[in-house]
There are 2 protein chains.
Amino acid sequence: MAFHYPNGRKYVSKNSEAIQRSIKKSSFSNRGKTLEDDLNDTNEYYVANGIAIVHKKPTPIQIVDVHYPKRSAAVIKEAYFKQASTTDYNGVYKGKHLDFEAKETQNPTSFPLKNFHEHQIRHMESIAQQGGIAFVIIRFSKTDEIYLMESEHLTKFWNRMIEGGRKSITKTEVESCSKQISLGFHPRIDYIKVIDSILGLFPNGSL
Amino acid sequence: MAFHYPNGRKYVSKNSEAIQRSIKKSSFSNRGKTLEDDLNDTNEYYVANGIAIVHKKPTPIQIVDVHYPKRSAAVIKEAYFKQASTTDYNGVYKGKHLDFEAKETQNPTSFPLKNFHEHQIRHMESIAQQGGIAFVIIRFSKTDEIYLMESEHLTKFWNRMIEGGRKSITKTEVESCSKQISLGFHPRIDYIKVIDSILGLFPNGSL
């Protein structure tokens, strides 16, 4: 059976994941794969190669009812999706704490701020205040362009909205306040290269 | 209704939490409260006061079946608890990535290593290799003594077990390889003081 997470991502069981992927891979360009799929693959690559340790946090669930059948595992019989109070991804790179959220839009000309929640913005601010690197990875799905924007810029656009300004970030603004992540095959979304440039490091392979 | 997480912690719904706490608070010493409760309170205090940003990760759940009732929230009808592949807590302090697991034992003389999983040990090793601060917070419940042990020591004891040695860490070993965390009222478990000493910083208030 097929169902979706609140973020709209299709839920696929571990078993069907492999099949799903092969189907996605054969689909036109990369559009069959979600940003989350690509980031999970990228993070697996980073961990496997000791480049960085970044994981996606589990989806927060409010558990209401659990059954304990004899001689088998506890079964959650009633639970609800909770809104995340932090970002989806965090980890460590060269001792630095990384904390980020990843969102995509079908809108080709601007990025709607409704993709974020107030507490996520405040969380990223706190992370930055503690010396961590907080950012968002934004994908314009139609053109498969991916940008990394540091949280200070997102906060700026968020506050503009709070003060009655526009409810989105124009593509031009995204381009001027972010670094584009060049897409590769493996890893697919090599965002660590952008982090290197933020840290003032420039390894082999330009942005 | 009452049920328990796989870690043995009693599940309490958001609503009953307040009541639970008041009952716990009135109980003899602190023994009614779990280590997790105390760490969550401590982390809330750190976040609220801008001292550090540390959160517990949501319990990982394998979702099997979700229903979408009309005009109401999606209901998870079948799900199972998954074994965590990383540590329970992480965050950032003075730019440094913190990553830790918290466990308690009723055993007064030694700490059983079965409280950990192989992949958690390896995860903490990877974090340390990336320059993060990986550690475990260990509580001997009977005496309410709490220790912070850096992952390199835990790995040492874990490997001794793998090589056929004892399946636990003696209390004496814990004492010699860890720093004890002095218990306070607010925050209850001020582990950041120990992190300061690891970072070579010594703020007001000794360990």
# chains A, B, ... in the order shown; residues from 1 in each chain; ligands from 1
>>> interface_residues(of="chain B", to="chain A", cutoff="7 Å", atoms="only C-alpha atoms", output="list in words")
Phe3, Ala52, Ile53, Lys57, Pro58, Thr59, Pro60, Val66, Ala74, Val75, Ile76, Lys77, Glu78, Ala79, Tyr80, Val92, Tyr93, Lys94, Gly95, Lys96, His97, Ile127, Gln130, Gly131 and Gly132 of chain B
>>> select_by_dssp(residues="chain A", states="strand (DSSP E)", output="PyMOL selection string")
chain A and resi 3-4+10-11+53-56+61-67+75-81+89-93+96-105+110-112+133-140+145-150+168-170+178-180
>>> write_last_selection(atoms="C-alpha atoms", output="tab-separated table (two decimals), in the first residue's frame")
chain	number	residue	atom	x	y	z
A	3	PHE	CA	0.91	6.53	1.63
A	4	HIS	CA	2.72	9.78	2.20
A	10	LYS	CA	5.91	8.94	-0.62
A	11	TYR	CA	6.45	6.34	2.10
A	53	ILE	CA	29.04	12.20	9.71
A	54	VAL	CA	25.57	13.49	8.88
A	55	HIS	CA	22.26	11.72	9.47
A	56	LYS	CA	18.61	12.57	8.96
A	61	ILE	CA	5.85	10.64	16.16
A	62	GLN	CA	3.36	11.13	18.99
A	63	ILE	CA	2.60	7.63	20.25
A	64	VAL	CA	-0.85	7.08	21.73
A	65	ASP	CA	-1.36	3.32	21.87
A	66	VAL	CA	1.01	0.35	21.82
A	67	HIS	CA	0.13	-3.34	21.99
A	75	VAL	CA	3.13	-2.89	17.85
A	76	ILE	CA	2.25	0.80	17.77
A	77	LYS	CA	-1.50	0.82	17.09
A	78	GLU	CA	-2.15	4.55	17.21
A	79	ALA	CA	0.30	7.36	16.59
A	80	TYR	CA	0.40	10.73	14.85
A	81	PHE	CA	2.99	12.70	12.93
A	89	TYR	CA	19.64	16.88	9.28
A	90	ASN	CA	22.65	17.39	11.50
A	91	GLY	CA	26.11	16.08	12.06
A	92	VAL	CA	29.78	16.92	12.22
A	93	TYR	CA	32.40	17.90	9.64
A	96	LYS	CA	32.15	21.71	13.12
A	97	HIS	CA	28.50	21.11	13.89
A	98	LEU	CA	26.30	21.08	10.77
A	99	ASP	CA	22.56	21.65	11.03
A	100	PHE	CA	20.29	21.98	8.05
A	101	GLU	CA	16.86	21.67	6.54
A	102	ALA	CA	16.21	20.59	2.94
A	103	LYS	CA	13.23	21.75	0.90
A	104	GLU	CA	12.20	21.68	-2.74
A	105	THR	CA	9.68	23.64	-4.75
A	110	SER	CA	10.55	31.82	-6.30
A	111	PHE	CA	10.84	29.79	-3.12
A	112	PRO	CA	7.77	29.89	-0.83
A	133	ILE	CA	26.93	25.98	10.61
A	134	ALA	CA	23.18	26.27	9.99
A	135	PHE	CA	21.81	26.36	6.47
A	136	VAL	CA	19.08	25.24	4.11
A	137	ILE	CA	19.43	23.23	0.94
A	138	ILE	CA	16.89	24.46	-1.58
A	139	ARG	CA	15.97	22.64	-4.77
A	140	PHE	CA	14.08	24.09	-7.68
A	145	GLU	CA	18.97	23.45	-9.46
A	146	ILE	CA	20.14	23.09	-5.87
A	147	TYR	CA	21.37	25.92	-3.64
A	148	LEU	CA	22.87	26.11	-0.15
A	149	MET	CA	21.79	29.22	1.77
A	150	GLU	CA	23.20	30.03	5.21
A	168	SER	CA	8.69	33.96	-0.72
A	169	ILE	CA	12.31	34.37	-1.78
A	170	THR	CA	12.70	35.24	-5.46
A	178	SER	CA	23.40	31.21	-1.84
A	179	LYS	CA	26.01	28.98	-3.40
A	180	GLN	CA	24.80	26.57	-6.06
>>> select_by_dssp(residues="range 23-181 of chain A", states="alpha helix (DSSP H)", output="PyMOL selection string")
chain A and resi 23-26+35-48+118-129+151-162+171-177
>>> closest_residue(among="B:Ser182, B:Asn43, B:Gln83, B:Thr34", to="Phe116 in chain B", atoms="only C-alpha atoms")
B:Gln83
>>> residues_around(residues="Asp190 in chain A", least_positions_apart="2", cutoff="10 Å", atoms="only C-alpha atoms", output="PyMOL selection string")
chain A and resi 38-39+42-43+45-46+181-188+192-195+207
